[in-house]
file structure39.txt (compact mmCIF, C-alpha atoms)
# COMPACT_ATOMS: atom_id res chain seq x y z
CA MET Y 1 -0.11 4.78 -79.65
CA ARG Y 2 -0.77 3.34 -76.21
CA LYS Y 3 2.73 4.28 -75.10
CA ALA Y 4 2.26 7.85 -76.28
CA LEU Y 5 -1.06 8.09 -74.45
CA PHE Y 6 0.50 6.67 -71.31
CA PHE Y 7 3.35 9.19 -71.37
CA LEU Y 8 0.90 12.02 -72.07
CA LEU Y 9 -1.26 11.04 -69.09
CA ALA Y 10 1.82 10.61 -66.90
CA ALA Y 11 3.06 14.08 -67.88
CA VAL Y 12 -0.33 15.63 -67.12
CA PHE Y 13 -0.41 13.81 -63.80
CA LEU Y 14 3.07 15.05 -62.86
CA CYS Y 15 2.15 18.60 -63.84
CA LEU Y 16 -0.95 18.46 -61.65
CA ILE Y 17 0.80 17.14 -58.56
CA PRO Y 18 1.84 20.61 -57.29
CA ALA Y 19 -1.84 21.63 -57.32
CA CYS Y 20 -2.42 19.03 -54.63
CA PHE Y 21 -0.39 21.02 -52.12
CA TYR Y 22 -1.60 24.44 -51.06
CA SER Y 23 1.02 27.05 -51.75
CA ASP Y 24 0.81 30.75 -52.33
CA VAL Y 25 3.74 32.85 -53.47
CA GLU Y 26 1.92 36.16 -53.66
CA LEU Y 27 3.41 38.91 -51.49
CA PHE Y 28 1.74 42.18 -50.59
CA GLU Y 29 4.31 44.76 -51.65
CA VAL Y 30 4.15 48.26 -50.23
CA ILE Y 31 6.00 51.48 -50.97
CA PRO Y 32 6.01 53.20 -47.56
CA VAL Y 33 4.93 56.83 -47.44
CA PRO Y 34 7.46 58.54 -45.17
CA GLY Y 35 6.34 60.98 -42.52
CA ASP Y 36 8.17 64.18 -41.58
CA PRO Y 37 11.61 63.43 -40.16
CA PRO Y 38 12.03 64.21 -36.46
CA VAL Y 39 13.39 67.62 -35.48
CA PHE Y 40 16.61 66.86 -33.63
CA SER Y 41 18.90 69.04 -31.54
CA VAL Y 42 21.51 68.37 -28.88
CA THR Y 43 23.22 70.60 -26.34
CA THR Y 44 26.14 69.86 -23.99
CA ASN Y 45 27.81 71.62 -21.11
CA LEU Y 46 30.95 71.97 -23.28
CA ASP Y 47 29.26 73.88 -26.11
CA SER Y 48 30.59 77.26 -25.00
CA LEU Y 49 34.15 76.02 -24.37
CA HIS Y 50 36.96 76.02 -26.90
CA HIS Y 51 39.07 72.86 -26.68
CA PRO Y 52 38.05 71.99 -23.11
CA GLN Y 53 40.95 70.47 -21.23
CA VAL Y 54 40.94 67.02 -19.68
CA ASN Y 55 43.46 67.05 -16.87
CA ASP Y 56 42.22 64.54 -14.29
CA SER Y 57 38.72 64.11 -15.68
CA LEU Y 58 36.02 66.08 -17.43
CA GLU Y 59 32.30 65.59 -17.13
CA LEU Y 60 30.19 65.83 -20.28
CA ILE Y 61 26.47 66.41 -19.81
CA TYR Y 62 24.27 66.15 -22.89
CA ASN Y 63 20.63 66.87 -23.51
CA VAL Y 64 18.75 65.80 -26.64
CA GLU Y 65 15.57 67.39 -27.81
CA ILE Y 66 13.70 65.42 -30.43
CA ALA Y 67 10.27 66.36 -31.73
CA GLY Y 68 8.19 63.83 -33.64
CA GLY Y 69 10.54 60.94 -33.09
CA GLU Y 70 12.35 58.72 -30.65
CA LEU Y 71 16.00 58.51 -29.65
CA TYR Y 72 17.27 54.95 -29.96
CA PHE Y 73 20.88 55.23 -28.86
CA VAL Y 74 23.72 57.61 -28.22
CA TYR Y 75 27.31 56.39 -28.50
CA ALA Y 76 30.46 58.26 -27.49
CA GLU Y 77 33.95 57.43 -28.72
CA VAL Y 78 37.45 58.82 -28.70
CA ALA Y 79 40.27 57.55 -30.91
CA GLY Y 80 38.01 54.91 -32.42
CA THR Y 81 37.18 53.41 -29.05
CA PRO Y 82 33.57 53.59 -27.87
CA PHE Y 83 33.26 54.12 -24.14
CA PHE Y 84 29.68 55.19 -23.50
CA GLU Y 85 26.25 54.23 -24.73
CA SER Y 86 22.78 55.10 -23.60
CA ASP Y 87 19.20 55.29 -24.84
CA SER Y 88 18.38 58.25 -22.64
CA THR Y 89 17.76 61.73 -24.05
CA SER Y 90 19.78 63.29 -21.25
CA GLY Y 91 22.77 61.97 -19.42
CA PHE Y 92 26.39 62.42 -18.55
CA PHE Y 93 29.72 60.63 -18.65
CA TRP Y 94 33.31 61.29 -17.64
CA ILE Y 95 36.22 61.77 -19.98
CA TYR Y 96 39.69 60.80 -18.81
CA PRO Y 97 43.08 61.71 -20.32
CA GLU Y 98 44.05 58.09 -20.97
CA MET Y 99 41.12 57.69 -23.41
CA ALA Y 100 43.19 59.48 -26.08
CA ASP Y 101 46.08 57.89 -27.96
CA SER Y 102 48.36 60.76 -27.13
CA SER Y 103 48.43 64.03 -25.28
CA GLY Y 104 46.93 66.95 -27.14
CA VAL Y 105 43.74 67.78 -28.99
CA ASP Y 106 41.65 64.87 -30.16
CA THR Y 107 38.06 64.57 -31.28
CA LEU Y 108 35.27 63.22 -29.14
CA TYR Y 109 32.47 61.85 -31.30
CA LEU Y 110 28.88 61.60 -30.15
CA ASP Y 111 26.64 59.59 -32.49
CA PHE Y 112 22.90 59.91 -32.05
CA TYR Y 113 20.58 57.34 -33.64
CA TYR Y 114 16.90 58.21 -33.81
CA SER Y 115 13.76 57.13 -35.61
CA SER Y 116 13.61 57.76 -39.33
CA ASN Y 117 9.81 58.13 -39.56
CA SER Y 118 10.03 56.44 -42.96
CA ASN Y 119 7.07 54.22 -41.98
CA SER Y 120 8.91 51.19 -43.34
CA LEU Y 121 8.82 47.84 -41.56
CA ALA Y 122 12.33 48.42 -40.20
CA ASP Y 123 11.35 51.88 -38.95
CA ARG Y 124 8.27 50.52 -37.17
CA VAL Y 125 10.30 47.96 -35.25
CA GLY Y 126 13.16 50.32 -34.51
CA TYR Y 127 15.70 48.76 -36.87
CA GLU Y 128 16.07 51.77 -39.12
CA ALA Y 129 17.51 55.03 -37.85
CA LEU Y 130 18.74 58.43 -38.87
CA MET Y 131 22.08 59.44 -37.38
CA ASP Y 132 23.55 62.78 -36.29
CA HIS Y 133 27.14 63.35 -35.20
CA LEU Y 134 28.43 65.81 -32.69
CA LYS Y 135 32.18 66.42 -32.75
CA ILE Y 136 33.90 68.09 -29.83
CA ALA Y 137 37.61 68.89 -29.92
CA VAL Y 138 39.02 68.06 -26.49
CA ASP Y 139 42.51 68.79 -25.21
CA PHE Y 140 43.77 65.65 -23.49
CA ASN Y 141 46.52 66.58 -21.06
CA TRP Y 142 48.48 63.55 -20.04
CA GLY Y 143 50.77 65.61 -17.94
CA GLY Y 144 53.15 62.69 -17.65
CA GLN Y 145 50.45 60.36 -16.31
CA LYS Y 146 50.51 57.73 -19.02
CA MET K 1 -8.98 7.32 -31.10
CA LYS K 2 -7.04 4.32 -32.43
CA LYS K 3 -10.15 2.21 -31.83
CA TYR K 4 -12.21 4.64 -33.86
CA ILE K 5 -9.79 4.46 -36.78
CA LEU K 6 -9.71 0.65 -36.51
CA ILE K 7 -13.52 0.44 -36.70
CA LEU K 8 -13.57 2.68 -39.73
CA GLY K 9 -10.82 0.61 -41.31
CA LEU K 10 -12.93 -2.51 -40.83
CA LEU K 11 -15.94 -0.73 -42.32
CA LEU K 12 -13.73 0.06 -45.27
CA LEU K 13 -12.59 -3.53 -45.68
CA LEU K 14 -15.90 -5.30 -45.04
CA PRO K 15 -17.52 -4.48 -48.36
CA VAL K 16 -14.49 -5.68 -50.24
CA GLN K 17 -14.14 -9.03 -48.53
CA ASN K 18 -15.16 -12.05 -50.58
CA SER K 19 -15.74 -9.75 -53.48
CA LEU K 20 -13.00 -10.90 -55.78
CA GLY K 21 -14.53 -12.06 -58.99
CA GLN K 22 -17.68 -10.09 -58.36
CA ASP K 23 -18.66 -6.62 -59.60
CA ILE K 24 -16.05 -4.45 -58.06
CA GLY K 25 -14.28 -1.38 -59.25
CA PHE K 26 -12.83 1.89 -58.22
CA LYS K 27 -13.67 5.50 -58.73
CA LEU K 28 -11.30 8.41 -58.78
CA TYR K 29 -12.65 11.86 -58.04
CA LEU K 30 -10.70 15.03 -58.76
CA GLY K 31 -11.97 18.53 -58.18
CA ALA K 32 -12.12 21.40 -55.76
CA ALA K 33 -13.65 21.90 -52.34
CA SER K 34 -14.80 25.12 -50.76
CA VAL K 35 -14.53 24.75 -47.01
CA ARG K 36 -15.68 26.84 -44.05
CA MET K 37 -12.56 27.11 -41.83
CA ASP K 38 -14.07 29.90 -39.71
CA ASP K 39 -11.57 29.47 -36.87
CA MET K 40 -8.62 29.47 -39.24
CA LYS K 41 -9.82 32.68 -40.90
CA TYR K 42 -10.28 34.18 -37.44
CA LEU K 43 -6.75 33.15 -36.46
CA GLN K 44 -5.41 34.57 -39.71
CA GLU K 45 -7.10 37.94 -38.95
CA HIS K 46 -5.58 37.87 -35.48
CA ILE K 47 -2.08 37.15 -36.78
CA LEU K 48 -2.41 40.00 -39.27
CA SER K 49 -3.44 42.36 -36.46
CA THR K 50 -0.14 41.63 -34.70
CA TYR K 51 1.89 42.92 -37.65
CA PRO K 52 3.60 46.22 -36.80
CA VAL K 53 2.71 47.43 -40.31
CA GLU K 54 -0.40 47.29 -42.50
CA GLY K 55 -0.11 43.82 -44.00
CA LYS K 56 -2.71 42.13 -46.11
CA ILE K 57 -4.39 38.75 -46.34
CA THR K 58 -3.62 37.69 -49.89
CA SER K 59 -5.30 34.30 -49.64
CA SER K 60 -7.94 33.14 -47.20
CA PHE K 61 -8.73 29.46 -47.50
CA PRO K 62 -9.92 29.48 -51.11
CA PRO K 63 -11.48 26.48 -52.87
CA PHE K 64 -8.61 24.11 -53.52
CA THR K 65 -7.77 20.59 -54.62
CA SER K 66 -9.94 17.71 -53.48
CA VAL K 67 -9.23 14.11 -54.47
CA SER K 68 -11.01 10.88 -53.56
CA LEU K 69 -10.44 7.23 -54.31
CA ILE K 70 -13.29 4.82 -53.72
CA VAL K 71 -13.22 1.04 -53.98
CA PHE K 72 -16.74 -0.28 -54.39
CA LYS K 73 -18.72 -3.45 -54.78
CA GLN K 74 -22.01 -3.69 -56.68
CA LEU K 75 -24.12 -5.18 -53.94
CA TYR K 76 -27.45 -4.99 -55.77
CA GLU K 77 -28.45 -3.54 -59.10
CA GLN K 78 -28.89 -0.09 -57.60
CA ILE K 79 -26.72 -0.22 -54.52
CA ARG K 80 -22.98 -0.03 -54.22
CA ILE K 81 -21.00 -0.13 -51.04
CA GLY K 82 -17.36 0.38 -50.45
CA GLY K 83 -14.81 2.54 -48.81
CA GLY K 84 -12.14 4.97 -49.65
CA TYR K 85 -9.78 7.77 -49.00
CA SER K 86 -10.25 11.49 -49.59
CA TYR K 87 -7.79 14.32 -49.53
CA SER K 88 -8.42 18.05 -49.51
CA THR K 89 -6.11 20.97 -49.08
CA THR K 90 -6.40 24.71 -48.66
CA GLY K 91 -4.65 27.49 -46.83
CA GLY K 92 -4.20 31.14 -46.17
CA LYS K 93 -1.49 33.68 -46.51
CA SER K 94 -0.87 37.16 -45.17
CA SER K 95 2.18 39.19 -45.98
CA TYR K 96 3.93 42.53 -46.13
CA LEU K 97 6.97 43.51 -48.15
CA ASP K 98 8.85 46.77 -48.49
CA TYR K 99 12.44 47.84 -49.19
CA SER K 100 13.46 47.27 -45.59
CA GLY K 101 12.08 43.78 -45.07
CA SER K 102 9.17 41.43 -45.18
CA LEU K 103 6.73 39.56 -43.01
CA PHE K 104 4.69 36.58 -44.03
CA THR K 105 2.48 33.96 -42.49
CA GLU K 106 1.31 30.94 -44.41
CA MET K 107 -1.23 28.50 -43.05
CA SER K 108 -1.50 25.20 -44.92
CA ALA K 109 -4.29 22.82 -44.08
CA THR K 110 -4.76 19.29 -45.36
CA SER K 111 -7.50 16.82 -44.64
CA HIS K 112 -7.10 13.04 -44.90
CA ARG K 113 -10.39 11.20 -44.66
CA LEU K 114 -10.95 7.48 -44.52
CA GLY K 115 -14.41 6.02 -44.53
CA ALA K 116 -17.26 3.87 -45.78
CA TYR K 117 -19.20 4.57 -48.99
CA LEU K 118 -22.77 3.87 -50.01
CA SER K 119 -24.29 4.73 -53.37
CA TYR K 120 -27.83 4.40 -54.64
CA SER K 121 -28.61 4.62 -58.33
CA LEU K 122 -31.75 6.69 -58.91
CA TRP K 123 -31.87 6.22 -62.61
CA GLY K 124 -29.76 4.21 -64.95
CA GLY K 125 -29.97 4.03 -68.71
CA GLU K 126 -27.77 2.33 -71.23
CA HIS K 127 -25.09 4.97 -70.81
CA LEU K 128 -26.30 7.60 -68.34
CA ASP K 129 -26.53 7.00 -64.65
CA LEU K 130 -27.79 9.29 -61.90
CA SER K 131 -26.98 8.35 -58.35
CA LEU K 132 -26.87 9.63 -54.78
CA TYR K 133 -24.10 8.70 -52.44
CA GLY K 134 -22.98 9.16 -48.90
CA LYS K 135 -19.82 8.63 -46.94
CA ALA K 136 -19.13 8.27 -43.22
CA GLU K 137 -15.54 9.21 -42.56
CA ALA K 138 -12.87 9.84 -40.00
CA CYS K 139 -11.15 13.10 -40.81
CA MET K 140 -7.57 13.82 -39.84
CA SER K 141 -6.66 17.48 -40.31
CA ASP K 142 -3.11 18.77 -40.41
CA LEU K 143 -2.40 22.46 -40.08
CA SER K 144 1.01 24.04 -40.42
CA ILE K 145 1.61 27.68 -39.68
CA HIS K 146 4.81 29.09 -41.09
CA SER K 147 5.71 32.55 -39.87
CA SER K 148 8.74 34.38 -41.07
CA TYR K 149 10.29 37.81 -41.01
CA SER K 150 13.28 39.42 -42.60
CA ILE K 151 14.25 42.93 -41.51
CA GLN K 152 17.55 44.45 -42.60
CA ASN K 153 20.07 41.74 -41.72
CA TYR K 154 17.84 39.96 -39.24
CA SER K 155 15.60 37.07 -40.21
CA ASN K 156 13.79 34.28 -38.47
CA SER K 157 11.31 31.59 -39.35
CA VAL K 158 9.03 29.44 -37.21
CA TYR K 159 6.93 26.38 -38.08
CA ASN K 160 4.09 25.24 -35.89
CA LYS K 161 2.23 22.05 -36.72
CA TYR K 162 -1.17 21.04 -35.39
CA ARG K 163 -3.47 18.08 -35.85
CA ALA K 164 -7.14 17.34 -35.23
CA ILE K 165 -9.26 14.24 -35.69
CA SER K 166 -12.98 14.45 -36.18
CA PRO K 167 -15.92 12.47 -37.57
CA ALA K 168 -17.24 13.66 -40.92
CA GLY K 169 -19.87 12.75 -43.46
CA THR K 170 -20.49 13.48 -47.11
CA VAL K 171 -23.69 13.41 -49.15
CA GLY K 172 -23.75 14.03 -52.85
CA GLY K 173 -25.15 13.34 -56.24
CA GLU K 174 -23.41 12.15 -59.33
CA ILE K 175 -24.24 11.92 -62.99
CA SER K 176 -22.04 9.65 -65.06
CA TYR K 177 -21.75 8.48 -68.62
CA ARG K 178 -20.73 4.93 -69.18
CA PHE K 179 -18.39 4.03 -72.00
CA LYS K 180 -17.43 0.51 -72.95
CA LYS K 181 -14.79 -0.04 -70.29
CA PHE K 182 -15.08 2.93 -68.03
CA ALA K 183 -17.38 5.76 -66.99
CA LEU K 184 -16.85 9.49 -66.56
CA GLY K 185 -18.98 11.65 -64.36
CA LEU K 186 -19.60 14.87 -62.53
CA SER K 187 -20.25 14.93 -58.83
CA ALA K 188 -21.45 17.59 -56.40
CA SER K 189 -21.37 16.89 -52.71
CA TYR K 190 -21.58 18.49 -49.31
CA LEU K 191 -19.13 17.54 -46.60
CA VAL K 192 -20.09 17.96 -42.97
CA ASP K 193 -17.15 18.00 -40.57
CA LEU K 194 -18.03 17.73 -36.90
CA THR K 195 -14.73 19.53 -36.19
CA GLY K 196 -11.91 18.49 -33.93
CA ASN K 197 -9.80 20.59 -31.61
CA LEU K 198 -6.36 21.34 -32.99
CA LYS K 199 -3.44 20.19 -30.91
CA GLU K 200 0.26 20.72 -31.41
CA LYS K 201 1.87 17.68 -33.04
CA ASP K 202 4.87 17.90 -30.75
CA GLY K 203 3.80 18.41 -27.19
CA GLY K 204 0.05 18.16 -27.58
CA ASN K 205 -0.71 21.72 -26.52
CA SER K 206 -4.06 22.96 -27.75
CA LEU K 207 -4.27 25.77 -30.28
CA LEU K 208 -6.12 28.28 -28.12
CA ASP K 209 -8.18 31.23 -29.19
CA PRO K 210 -5.82 34.19 -28.65
CA ASN K 211 -8.74 36.26 -27.31
CA ASP K 212 -10.36 33.53 -25.22
CA THR K 213 -7.94 31.00 -23.81
CA GLU K 214 -10.84 28.81 -22.64
CA ARG K 215 -11.62 27.94 -26.26
CA THR K 216 -9.61 25.67 -28.54
CA LEU K 217 -9.59 26.45 -32.23
CA SER K 218 -10.66 23.77 -34.67
CA SER K 219 -10.41 23.00 -38.34
CA ASP K 220 -13.72 22.82 -40.16
CA TRP K 221 -13.89 21.16 -43.55
CA THR K 222 -17.63 21.62 -43.89
CA GLY K 223 -18.42 22.78 -47.40
CA TRP K 224 -19.13 21.99 -51.02
CA GLN K 225 -17.14 19.85 -53.40
CA ILE K 226 -17.38 19.72 -57.17
CA GLN K 227 -15.46 16.87 -58.74
CA LEU K 228 -14.98 15.04 -61.98
CA SER K 229 -15.01 11.30 -61.62
CA ALA K 230 -13.58 8.36 -63.51
CA GLN K 231 -14.97 4.93 -62.78
CA ILE K 232 -13.12 1.80 -63.78
CA PRO K 233 -14.80 -1.51 -63.07
CA LEU K 234 -12.40 -4.30 -62.40
CA LYS K 235 -15.02 -6.68 -63.72
CA PHE K 236 -18.44 -5.85 -65.18

call {"tool": "encode", "arguments": {"input": "structure39.txt", "output": "structure tokens"}}
result
Amino acid sequence: MRKALFFLLAAVFLCLIPACFYSDVELFEVIPVPGDPPVFSVTTNLDSLHHPQVNDSLELIYNVEIAGGELYFVYAEVAGTPFFESDSTSGFFWIYPEMADSSGVDTLYLDFYYSSNSNSLADRVGYEALMDHLKIAVDFNWGGQK
Amino acid sequence: MKKYILILGLLLLLPVQNSLGQDIGFKLYLGAASVRMDDMKYLQEHILSTYPVEGKITSSFPPFTSVSLIVFKQLYEQIRIGGGYSYSTTGGKSSYLDYSGSLFTEMSATSHRLGAYLSYSLWGGEHLDLSLYGKAEACMSDLSIHSSYSIQNYSNSVYNKYRAISPAGTVGGEISYRFKKFALGLSASYLVDLTGNLKEKDGGNSLLDPNDTERTLSSDWTGWQIQLSAQIPLKF
């Protein structure tokens, strides 16, 4: 009988030990209410050209208009190789023939990352973004350079 | 500060010396304490205000566990003296969680108190006993602040630990029922903490008021305690 009582008290004691250390596991969970997504548009100096040619070099000037949001980054790449990045809504860079894998038409990708306005934690700290692509077919003319 | 702890240690030991074979015993108290912690609540509000999203305080220093162990000696028929150790804990938590990540801050506070004990029996019958008691204590407060975030694939976690030492005192009343070999009771008491400035455990930097860097924040264990007690005399 005494043994049983001892084990019972010991079990109660062990069960109560965690109560001696303050701990709270409750988390305040939120379902964010998203706002309207930003209105995004981009224009470049090559918009009116069909397969602009890159002989020695070609300048690309871009201008982003974004209403109700913020542009985080713009990346440019050709043939899977990024060569330009910026967080500015307007800017320029130069394209050279050797950026392409071979002579001829290849695609220049411009990726624009901007705020999602989802009102989530990641959105508020700039870690969540919407993305828009701009593809421009460019004629890379090696002309025996490479 | 070491001298202060040493004096209190001696106060704790004095009543017990030469007491073997006399009327000595120990009392164990277990209950909950509701403490003030104004500065900690203020700091918690400030931390929440730095969240980039609308977080929430889910726990703000609620009444939590309080335990005491007293070793006493029956000095006279109505008077007991002794010393003991008390432990209290509480804390606060603020958090935010959504599909993209989470933020949380947990503040855990513990108080270790060592001190002298004096009890006066107001009325004692065959079984029932009503007494008043007081304690003079040295209070060591530990505060840990654990802040953490997890956003997309990024996460980080920081622990900051602080400590304060302050004088404290407790006054209370107790009603107990005496059985053949032990007694059970109910105690209500009020703890007054004279508060100590919190300093970083590593480095010793003070925990400053974020809105007034001239002021150091302190822990404050002032508040009520309700406890059940078990008294076991080593020799009646």

call {"tool": "closest_residue", "arguments": {"input": "structure39.txt", "among": "Y:Trp142, Y:Phe13, Y:Phe21, Y:Tyr114", "to": "chain K", "atoms": "only C-alpha atoms"}}
result
Y:Phe21

call {"tool": "closest_atom_pairs", "arguments": {"input": "structure39.txt", "of": "chain Y", "to": "chain K", "cutoff": "10 Å", "atoms": "all atoms listed in the file", "output": "tab-separated table"}}
result
residue	atom	partner	partner_atom	distance
Y:Pro18	CA	K:Thr65	CA	10.0
Y:Ala19	CA	K:Thr65	CA	6.6
Y:Cys20	CA	K:Thr65	CA	5.6
Y:Phe21	CA	K:Thr89	CA	6.5
Y:Tyr22	CA	K:Thr90	CA	5.4
Y:Ser23	CA	K:Ser108	CA	7.5
Y:Asp24	CA	K:Lys93	CA	6.9
Y:Val25	CA	K:Lys93	CA	8.7
Y:Glu26	CA	K:Thr58	CA	6.9
Y:Leu27	CA	K:Ser95	CA	5.7
Y:Phe28	CA	K:Tyr96	CA	5.0
Y:Glu29	CA	K:Leu97	CA	4.6
Y:Val30	CA	K:Asp98	CA	5.2
Y:Ile31	CA	K:Asp98	CA	6.0
Y:Pro32	CA	K:Asp98	CA	7.1
Y:Asn119	CA	K:Val53	CA	8.2
Y:Ser120	CA	K:Ser100	CA	6.4
Y:Leu121	CA	K:Ser100	CA	6.2
Y:Ala122	CA	K:Ser100	CA	5.6
Y:Asp123	CA	K:Ser100	CA	8.4
Y:Arg124	CA	K:Pro52	CA	6.4
Y:Val125	CA	K:Pro52	CA	7.1
Y:Tyr127	CA	K:Gln152	CA	7.4
Y:Glu128	CA	K:Gln152	CA	8.2

call {"tool": "residues_around", "arguments": {"input": "structure39.txt", "residues": "Val74 in chain Y", "least_positions_apart": "2", "cutoff": "8 Å", "atoms": "all atoms listed in the file", "output": "VMD selection string"}}
result
chain Y and resid 71 to 72 76 84 to 88 110 to 113

call {"tool": "atom_distance", "arguments": {"input": "structure39.txt", "atom1": "CA of Gly143 in chain Y", "atom2": "CA of Thr44 in chain Y"}}
result
25.7 Å

call {"tool": "closest_residue", "arguments": {"input": "structure39.txt", "among": "Y:Gly104, Y:Pro82, Y:Gly69, Y:Tyr96", "to": "Asp36 in chain Y", "atoms": "all atoms listed in the file"}}
result
Y:Gly69

call {"tool": "residues_near_point", "arguments": {"input": "structure39.txt", "point": "(39.8, 68.9, -24.0)", "cutoff": "8 Å", "atoms": "all atoms listed in the file", "output": "ChimeraX atom specification"}}
result
/Y:51-54,105-106,137-141

call {"tool": "closest_residue", "arguments": {"input": "structure39.txt", "among": "K:Ser176, K:Ser49, K:Ser144, K:Gln78", "to": "Ser119 in chain K", "atoms": "only C-alpha atoms"}}
result
K:Gln78

call {"tool": "atom_distance", "arguments": {"input": "structure39.txt", "atom1": "CA of Ile79 in chain K", "atom2": "CA of Ser121 in chain K"}}
result
6.4 Å

call {"tool": "residues_around", "arguments": {"input": "structure39.txt", "residues": "Glu77 in chain Y", "least_positions_apart": "3", "cutoff": "7 Å", "atoms": "only C-alpha atoms", "output": "MDAnalysis selection string"}}
result
chainID Y and resid 80:83 108:110

call {"tool": "atom_distance", "arguments": {"input": "structure39.txt", "atom1": "CA of Ile24 in chain K", "atom2": "CA of Ile81 in chain K"}}
result
9.6 Å

call {"tool": "residues_near_point", "arguments": {"input": "structure39.txt", "point": "(-22.2, 21.9, -36.3)", "cutoff": "10 Å", "atoms": "all atoms listed in the file", "output": "NGL selection string"}}
result
:K and (192-195 or 220 or 222)

call {"tool": "residues_around", "arguments": {"input": "structure39.txt", "residues": "Ala67 in chain Y", "least_positions_apart": "5", "cutoff": "7 Å", "atoms": "all atoms listed in the file", "output": "compact mmCIF listing (two decimals) with C-alpha atoms, keeping the file's coordinate frame"}}
result
# COMPACT_ATOMS: atom_id res chain seq x y z
CA PRO Y 38 12.03 64.21 -36.46
CA VAL Y 39 13.39 67.62 -35.48
CA PHE Y 40 16.61 66.86 -33.63

call {"tool": "closest_residue", "arguments": {"input": "structure39.txt", "among": "K:Lys73, K:Cys139, K:Tyr85, K:Ser147", "to": "Thr50 in chain K", "atoms": "only C-alpha atoms"}}
result
K:Ser147

call {"tool": "closest_residue", "arguments": {"input": "structure39.txt", "among": "K:Leu132, K:Ile232, K:Leu208, K:Ala164", "to": "Lys181 in chain K", "atoms": "all atoms listed in the file"}}
result
K:Ile232
